[in-house]
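Visitor: One structure, pasted below without further comment.
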2 protein chains.
Amino acid sequence: MPSQPTTAERSREPRSLLAAARLCVLVDGGADARDFEDRVAGLVSAGVPLLQIRDKNLPDRVLLGRVRQALAVVQRQPTPRTLVIVNDRVDVAAAAGADGAHLGASDLPVTAARAILGPDRLIGCTAHDLAEADAANAAGADYLGVGPCFPSTTKAFAVQADREFLAAAARLPLPVFAIGGIVPQRLPELAALGIDRIAVAAAVTKAADPEAAARAFIDAIGTVQRRA
Amino acid sequence: MPSQPTTAERSREPRSLLAAARLCVLVDGGADARDFEDRVAGLVSAGVPLLQIRDKNLPDRVLLGRVRQALAVVQRQPTPRTLVIVNDRVDVAAAAGADGAHLGASDLPVTAARAILGPDRLIGCTAHDLAEADAANAAGADYLGVGPCFPSTTKAFAVQADREFLAAAARLPLPVFAIGGIVPQRLPELAALGIDRIAVAAAVTKAADPEAAARAFIDAIGTVQRRA
């Protein structure tokens with residue numbers, strides 16, 4: 001058996017796992033707890049390093065239960081385990097003991113979330129332009145989601161993020177995940193902009209075989225990395 | 001000028017203010033910040049001791065702004081100031097530095113909220129039956145909202161709380177606010193059940209003159225108290 005990490009190692013763990021994470025999959029909580037756990041287990045088994053649970057419809061207490069279920073799944077994993085981040089709900093993330101929270105422009109500010117989550121948990125921010133990206137970085141965000149990069153079926157976007165912004169965001173000193181309509185074939189285009197991390201939702205979760213779709217993304221990321 | 005309270009006095013302040021509070025008014029955040037501040041100032045000026053901000057529609061960051069506005073209003077008051085509680089959103093309450101959060105049966109559990117809010121801020125719970133009331137009390141809730149007591153225009157309730165439950169809740173060792181369709185004329189009926197605190201929404205906020213409506217409730221509470 002591997003030795004147990006020290007307290008100091010544990011406290012650094014989310015950030016070191018984040019540094020290695022190239023794929024974030026966004027999942028909803030779904031109608032059924034058992035189905036949710038199966039879906040999470042499938043994605044974890046596929047090697048997805050970062051799961052963001054995003055559900056604006058579930059009652060808070062049910063969402064809390066789903067996050068705890070996901071954490072129970074990843075705690076049974078061998079290391080490196082999958083990170084579990086909660087979209088929007090800083091209180092749910094804190095109550096569940098999740099690895100962090102992801103915030104959009106209309107959610108709580110980073111400083112407010114940091115006061116609740118403490119220094120060790122992760123705070124991700126969505127940025128639609130360089131001003132938002134710079135502000136999130138300055139406020140202490142741990143990573144950025146930038147986009148929307150391509151037309152997407154999950155959200156109807158009016159305007160796609162421009163390529164100059166994506167390239168500038170990629171030069172910021174924190175991990176940057178591109179989001180919005182990403183399929184494996186798009187990865188070289190993103191890599192050319194300097195972006196080597198992606199976040200996906202429907203392309204994995206609505207696939208006929210979500211686990212296979214996740215593996216296809218992970219393989220594609222590996223191929224692009226080896227070429228770089 | 002009155003002397004400043006010590007740190008220990010400040011930390012006890014929300015609970016001692018709660019002990020004296022007989023009226024809670026639920027307000028939404030509204031479409032307009034200026035209008036919201038005027039409404040809050042009117043209710044504060046009327047002497048409302050407890051405001052609960054309940055808004056499930058505003059973006060989180062806007063709700064946070066509204067709560068901060070309300071806190072700024074009450075901080076300009078002479079003591080005893082009005083308490084400001086946030087419905088549902090423990091993270092928003094914590095981020096704003098509100099006096100506490102109010103939780104329904106589908107919101108975060110009391111223990112989760114307590115871990116985020118700490119020992120000094122208030123946690124209120126809605127209870128629809130004695131099992132929920134007992135559980136909230138055992139979990140460390142600071143006060144209860146019990147009901148629905150009477151037909152209400154704010155929420156369409158299937159079943160009204162039975163009188164045995166209301167009387168039993170009134171005997172629990174924490175402040176109990178009756179809610180649901182309460183008008184001043186109902187207060188003697190509630191007092192006969194042992195309930196001397198009320199929470200109202202539309203009866204004040206949708207009144208032609210909300211400030212006058214709040215004063216009418218406060219007067220009626222005083223009259224019932226003097227008779228008791």
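Lettering and numbering for the structure tokens are positional, with chains as A, B, ... in the shown order, residues counted from 1 in each chain, and ligands counted from 1 in the shown order.
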Please, which residues of chain A lie no more than 6 Å from chain B when the count uses only C-alpha atoms, and can they be set out as a CSV table (one decimal) with N, CA, C and O atoms, in the first residue's frame?
Guide:
chain,number,residue,atom,x,y,z
A,59,PRO,N,-32.6,20.9,-6.1
A,59,PRO,CA,-32.6,21.5,-4.8
A,59,PRO,C,-31.2,21.4,-4.2
A,59,PRO,O,-30.4,20.4,-4.4
A,60,ASP,N,-30.9,22.4,-3.4
A,60,ASP,CA,-29.5,22.5,-2.8
A,60,ASP,C,-29.1,21.2,-2.1
A,60,ASP,O,-28.0,20.7,-2.2
A,61,ARG,N,-30.0,20.6,-1.3
A,61,ARG,CA,-29.7,19.5,-0.5
A,61,ARG,C,-29.4,18.3,-1.4
A,61,ARG,O,-28.6,17.4,-1.1
A,90,VAL,N,-20.7,28.0,-3.9
A,90,VAL,CA,-19.5,27.9,-3.0
A,90,VAL,C,-19.9,27.2,-1.7
A,90,VAL,O,-19.1,26.5,-1.1
A,91,ASP,N,-21.2,27.5,-1.2
A,91,ASP,CA,-21.6,26.9,0.0
A,91,ASP,C,-21.7,25.4,-0.1
A,91,ASP,O,-21.3,24.6,0.8
A,95,ALA,N,-19.6,22.7,2.0
A,95,ALA,CA,-20.3,21.8,2.8
A,95,ALA,C,-20.0,20.3,2.4
A,95,ALA,O,-19.9,19.5,3.3
A,106,SER,N,-21.4,36.3,-13.1
A,106,SER,CA,-22.6,36.7,-12.3
A,106,SER,C,-22.6,36.0,-11.0
A,106,SER,O,-23.5,36.1,-10.2
A,107,ASP,N,-21.6,35.1,-10.7
A,107,ASP,CA,-21.6,34.4,-9.4
A,107,ASP,C,-20.8,35.2,-8.4
A,107,ASP,O,-20.5,36.4,-8.6
A,108,LEU,N,-20.6,34.6,-7.2
A,108,LEU,CA,-19.9,35.4,-6.2
A,108,LEU,C,-18.5,35.7,-6.7
A,108,LEU,O,-17.9,35.0,-7.5
A,112,ALA,N,-14.7,36.6,-2.2
A,112,ALA,CA,-15.8,36.1,-1.4
A,112,ALA,C,-15.7,34.6,-1.3
A,112,ALA,O,-15.9,34.0,-0.2
Visitor: I'd like the contact shell of segment 196-203 of chain B - 8 Å cut-off, only C-alpha atoms, skipping same-chain residues fewer than 5 positions apart - returned as a ChimeraX atom specification.
Guide: /B:21-27,145,153-154,175-183,187,190-191,213,221,225
Visitor: Using the chain letters and numbers from this document, which residues of segment 19-163 of chain B does DSSP assign to strand (DSSP E), as a ChimeraX atom specification?
Guide: /B:23-27,50-53,83-87,100-103,122-127,143-146
Visitor: Grab the residues selected above and save them as a PDB file, in the first residue's frame with N, CA and C atoms.
Guide:
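After the write, out_13.pdb holds the following:
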ATOM      1  N   LEU B  23     -41.160  40.270  14.746  1.00  0.00           N
ATOM      2  CA  LEU B  23     -41.649  40.377  13.365  1.00  0.00           C
ATOM      3  C   LEU B  23     -40.491  40.196  12.388  1.00  0.00           C
ATOM      4  N   CYS B  24     -40.688  39.266  11.460  1.00  0.00           N
ATOM      5  CA  CYS B  24     -39.749  39.086  10.345  1.00  0.00           C
ATOM      6  C   CYS B  24     -40.480  39.446   9.062  1.00  0.00           C
ATOM      7  N   VAL B  25     -39.866  40.308   8.263  1.00  0.00           N
ATOM      8  CA  VAL B  25     -40.446  40.636   6.960  1.00  0.00           C
ATOM      9  C   VAL B  25     -39.542  40.078   5.862  1.00  0.00           C
ATOM     10  N   LEU B  26     -40.151  39.312   4.953  1.00  0.00           N
ATOM     11  CA  LEU B  26     -39.413  38.731   3.833  1.00  0.00           C
ATOM     12  C   LEU B  26     -39.496  39.678   2.644  1.00  0.00           C
ATOM     13  N   VAL B  27     -38.352  40.055   2.128  1.00  0.00           N
ATOM     14  CA  VAL B  27     -38.320  40.956   0.974  1.00  0.00           C
ATOM     15  C   VAL B  27     -37.549  40.304  -0.165  1.00  0.00           C
ATOM     16  N   LEU B  50     -36.342  42.242  11.977  1.00  0.00           N
ATOM     17  CA  LEU B  50     -35.691  41.146  11.245  1.00  0.00           C
ATOM     18  C   LEU B  50     -36.163  41.165   9.802  1.00  0.00           C
ATOM     19  N   LEU B  51     -35.202  41.306   8.896  1.00  0.00           N
ATOM     20  CA  LEU B  51     -35.490  41.236   7.460  1.00  0.00           C
ATOM     21  C   LEU B  51     -34.874  39.976   6.901  1.00  0.00           C
ATOM     22  N   GLN B  52     -35.666  39.238   6.153  1.00  0.00           N
ATOM     23  CA  GLN B  52     -35.099  38.102   5.427  1.00  0.00           C
ATOM     24  C   GLN B  52     -35.147  38.434   3.946  1.00  0.00           C
ATOM     25  N   ILE B  53     -33.989  38.397   3.309  1.00  0.00           N
ATOM     26  CA  ILE B  53     -33.931  38.664   1.870  1.00  0.00           C
ATOM     27  C   ILE B  53     -34.049  37.330   1.144  1.00  0.00           C
ATOM     28  N   LEU B  83     -31.957  43.054  12.053  1.00  0.00           N
ATOM     29  CA  LEU B  83     -31.170  41.903  11.598  1.00  0.00           C
ATOM     30  C   LEU B  83     -31.438  41.632  10.118  1.00  0.00           C
ATOM     31  N   VAL B  84     -30.413  41.224   9.399  1.00  0.00           N
ATOM     32  CA  VAL B  84     -30.547  40.897   7.967  1.00  0.00           C
ATOM     33  C   VAL B  84     -30.116  39.445   7.745  1.00  0.00           C
ATOM     34  N   ILE B  85     -31.072  38.654   7.306  1.00  0.00           N
ATOM     35  CA  ILE B  85     -30.876  37.218   7.081  1.00  0.00           C
ATOM     36  C   ILE B  85     -31.072  36.938   5.594  1.00  0.00           C
ATOM     37  N   VAL B  86     -30.305  36.006   5.051  1.00  0.00           N
ATOM     38  CA  VAL B  86     -30.422  35.655   3.631  1.00  0.00           C
ATOM     39  C   VAL B  86     -31.085  34.288   3.500  1.00  0.00           C
ATOM     40  N   ASN B  87     -32.117  34.215   2.680  1.00  0.00           N
ATOM     41  CA  ASN B  87     -32.774  32.937   2.456  1.00  0.00           C
ATOM     42  C   ASN B  87     -31.928  32.026   1.560  1.00  0.00           C
ATOM     43  N   GLY B 100     -27.122  36.098   9.176  1.00  0.00           N
ATOM     44  CA  GLY B 100     -27.390  34.672   9.143  1.00  0.00           C
ATOM     45  C   GLY B 100     -28.074  34.248   7.871  1.00  0.00           C
ATOM     46  N   ALA B 101     -28.530  33.006   7.878  1.00  0.00           N
ATOM     47  CA  ALA B 101     -29.195  32.417   6.712  1.00  0.00           C
ATOM     48  C   ALA B 101     -30.424  31.662   7.170  1.00  0.00           C
ATOM     49  N   HIS B 102     -31.414  31.629   6.288  1.00  0.00           N
ATOM     50  CA  HIS B 102     -32.633  30.869   6.570  1.00  0.00           C
ATOM     51  C   HIS B 102     -32.717  29.690   5.601  1.00  0.00           C
ATOM     52  N   LEU B 103     -32.979  28.506   6.133  1.00  0.00           N
ATOM     53  CA  LEU B 103     -32.921  27.281   5.350  1.00  0.00           C
ATOM     54  C   LEU B 103     -34.257  26.564   5.324  1.00  0.00           C
ATOM     55  N   LEU B 122     -26.762  33.655  12.759  1.00  0.00           N
ATOM     56  CA  LEU B 122     -28.040  32.983  12.991  1.00  0.00           C
ATOM     57  C   LEU B 122     -28.382  32.031  11.852  1.00  0.00           C
ATOM     58  N   ILE B 123     -28.949  30.916  12.224  1.00  0.00           N
ATOM     59  CA  ILE B 123     -29.498  29.987  11.244  1.00  0.00           C
ATOM     60  C   ILE B 123     -30.955  29.742  11.585  1.00  0.00           C
ATOM     61  N   GLY B 124     -31.818  30.093  10.663  1.00  0.00           N
ATOM     62  CA  GLY B 124     -33.238  29.832  10.819  1.00  0.00           C
ATOM     63  C   GLY B 124     -33.648  28.677   9.941  1.00  0.00           C
ATOM     64  N   CYS B 125     -34.659  27.951  10.370  1.00  0.00           N
ATOM     65  CA  CYS B 125     -35.139  26.808   9.594  1.00  0.00           C
ATOM     66  C   CYS B 125     -36.643  26.855   9.467  1.00  0.00           C
ATOM     67  N   THR B 126     -37.115  26.523   8.290  1.00  0.00           N
ATOM     68  CA  THR B 126     -38.544  26.320   8.108  1.00  0.00           C
ATOM     69  C   THR B 126     -38.899  24.907   8.530  1.00  0.00           C
ATOM     70  N   ALA B 127     -39.970  24.780   9.294  1.00  0.00           N
ATOM     71  CA  ALA B 127     -40.444  23.449   9.702  1.00  0.00           C
ATOM     72  C   ALA B 127     -41.929  23.345   9.389  1.00  0.00           C
ATOM     73  N   TYR B 143     -33.588  29.743  15.208  1.00  0.00           N
ATOM     74  CA  TYR B 143     -35.023  30.026  15.269  1.00  0.00           C
ATOM     75  C   TYR B 143     -35.729  29.180  14.222  1.00  0.00           C
ATOM     76  N   LEU B 144     -37.040  29.101  14.358  1.00  0.00           N
ATOM     77  CA  LEU B 144     -37.845  28.351  13.403  1.00  0.00           C
ATOM     78  C   LEU B 144     -38.862  29.256  12.734  1.00  0.00           C
ATOM     79  N   GLY B 145     -39.168  28.951  11.495  1.00  0.00           N
ATOM     80  CA  GLY B 145     -40.363  29.467  10.836  1.00  0.00           C
ATOM     81  C   GLY B 145     -41.314  28.299  10.696  1.00  0.00           C
ATOM     82  N   VAL B 146     -42.517  28.416  11.228  1.00  0.00           N
ATOM     83  CA  VAL B 146     -43.469  27.304  11.181  1.00  0.00           C
ATOM     84  C   VAL B 146     -44.717  27.716  10.429  1.00  0.00           C
TER      85      VAL B 146
END
Visitor: Just the helix (DSSP H, G or I) stuff from segment 9-125 of chain A, please, per backbone DSSP, written as an MDAnalysis selection string.
Guide: chainID A and resid 9:20 33:46 60:75 90:96 110:117
Visitor: Export C-alpha atoms of the chosen residues as a PDB file, in the first residue's frame?
Guide:
ATOM      1  CA  GLU A   9       0.798  17.087   1.262  1.00  0.00           C
ATOM      2  CA  ARG A  10      -2.959  16.740   1.475  1.00  0.00           C
ATOM      3  CA  SER A  11      -3.430  20.490   1.613  1.00  0.00           C
ATOM      4  CA  ARG A  12      -1.369  20.906  -1.559  1.00  0.00           C
ATOM      5  CA  GLU A  13      -3.061  18.057  -3.307  1.00  0.00           C
ATOM      6  CA  PRO A  14      -5.860  19.831  -5.241  1.00  0.00           C
ATOM      7  CA  ARG A  15      -3.447  22.348  -6.710  1.00  0.00           C
ATOM      8  CA  SER A  16      -0.880  19.742  -7.754  1.00  0.00           C
ATOM      9  CA  LEU A  17      -3.599  17.592  -9.302  1.00  0.00           C
ATOM     10  CA  LEU A  18      -4.878  20.657 -11.137  1.00  0.00           C
ATOM     11  CA  ALA A  19      -1.427  21.332 -12.574  1.00  0.00           C
ATOM     12  CA  ALA A  20      -1.528  17.936 -14.283  1.00  0.00           C
ATOM     13  CA  ALA A  33     -28.707   9.410  -7.802  1.00  0.00           C
ATOM     14  CA  ARG A  34     -27.730   5.901  -8.891  1.00  0.00           C
ATOM     15  CA  ASP A  35     -27.458   6.927 -12.531  1.00  0.00           C
ATOM     16  CA  PHE A  36     -25.349   9.922 -11.504  1.00  0.00           C
ATOM     17  CA  GLU A  37     -22.946   7.722  -9.561  1.00  0.00           C
ATOM     18  CA  ASP A  38     -22.603   5.338 -12.499  1.00  0.00           C
ATOM     19  CA  ARG A  39     -21.878   8.227 -14.859  1.00  0.00           C
ATOM     20  CA  VAL A  40     -19.271   9.669 -12.493  1.00  0.00           C
ATOM     21  CA  ALA A  41     -17.673   6.272 -11.985  1.00  0.00           C
ATOM     22  CA  GLY A  42     -17.457   5.821 -15.762  1.00  0.00           C
ATOM     23  CA  LEU A  43     -15.739   9.172 -16.268  1.00  0.00           C
ATOM     24  CA  VAL A  44     -13.387   8.554 -13.356  1.00  0.00           C
ATOM     25  CA  SER A  45     -12.575   5.145 -14.746  1.00  0.00           C
ATOM     26  CA  ALA A  46     -11.837   6.740 -18.129  1.00  0.00           C
ATOM     27  CA  ASP A  60     -29.507  22.463  -2.794  1.00  0.00           C
ATOM     28  CA  ARG A  61     -29.669  19.456  -0.526  1.00  0.00           C
ATOM     29  CA  VAL A  62     -29.883  17.076  -3.489  1.00  0.00           C
ATOM     30  CA  LEU A  63     -26.975  18.823  -5.194  1.00  0.00           C
ATOM     31  CA  LEU A  64     -24.987  18.479  -1.969  1.00  0.00           C
ATOM     32  CA  GLY A  65     -25.772  14.755  -2.002  1.00  0.00           C
ATOM     33  CA  ARG A  66     -24.588  14.415  -5.616  1.00  0.00           C
ATOM     34  CA  VAL A  67     -21.310  16.183  -4.849  1.00  0.00           C
ATOM     35  CA  ARG A  68     -20.744  13.924  -1.858  1.00  0.00           C
ATOM     36  CA  GLN A  69     -21.454  10.897  -4.050  1.00  0.00           C
ATOM     37  CA  ALA A  70     -18.879  12.040  -6.595  1.00  0.00           C
ATOM     38  CA  LEU A  71     -16.331  12.608  -3.831  1.00  0.00           C
ATOM     39  CA  ALA A  72     -16.998   9.126  -2.470  1.00  0.00           C
ATOM     40  CA  VAL A  73     -16.316   7.704  -5.946  1.00  0.00           C
ATOM     41  CA  VAL A  74     -13.018   9.547  -6.375  1.00  0.00           C
ATOM     42  CA  GLN A  75     -11.884   8.716  -2.855  1.00  0.00           C
ATOM     43  CA  VAL A  90     -19.529  27.927  -2.996  1.00  0.00           C
ATOM     44  CA  ASP A  91     -21.587  26.883   0.029  1.00  0.00           C
ATOM     45  CA  VAL A  92     -22.340  23.477  -1.465  1.00  0.00           C
ATOM     46  CA  ALA A  93     -18.665  23.018  -2.375  1.00  0.00           C
ATOM     47  CA  ALA A  94     -17.603  23.902   1.181  1.00  0.00           C
ATOM     48  CA  ALA A  95     -20.300  21.779   2.816  1.00  0.00           C
ATOM     49  CA  ALA A  96     -19.429  18.743   0.690  1.00  0.00           C
ATOM     50  CA  VAL A 110     -13.308  35.217  -6.135  1.00  0.00           C
ATOM     51  CA  THR A 111     -12.410  37.009  -2.897  1.00  0.00           C
ATOM     52  CA  ALA A 112     -15.789  36.125  -1.354  1.00  0.00           C
ATOM     53  CA  ALA A 113     -15.428  32.505  -2.433  1.00  0.00           C
ATOM     54  CA  ARG A 114     -11.860  32.356  -1.118  1.00  0.00           C
ATOM     55  CA  ALA A 115     -12.981  33.587   2.298  1.00  0.00           C
ATOM     56  CA  ILE A 116     -15.412  30.661   2.471  1.00  0.00           C
ATOM     57  CA  LEU A 117     -13.284  27.957   0.831  1.00  0.00           C
TER      58      LEU A 117
END
Visitor: Can you work out which one of A:Ala141, A:Ile195, A:Val204, A:Ala136 has the shortest atom-to-atom distance to Phe217 of chain A, counting only C-alpha atoms?
Guide: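 Closest to Phe217 of chain A of all the choices is A:Val204.
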Visitor: Mind pulling up the distance from atom CA of Ser152 of chain B to atom CA of Ala133 of chain B?
Guide: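 Atom CA of Ser152 of chain B lies 21.1 Å from atom CA of Ala133 of chain B.
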Visitor: Enter the distance from atom CA of Pro80 of chain A to atom CA of Asp99 of chain A, in Å, rounded to one decimal.
Guide: 13.6 Å
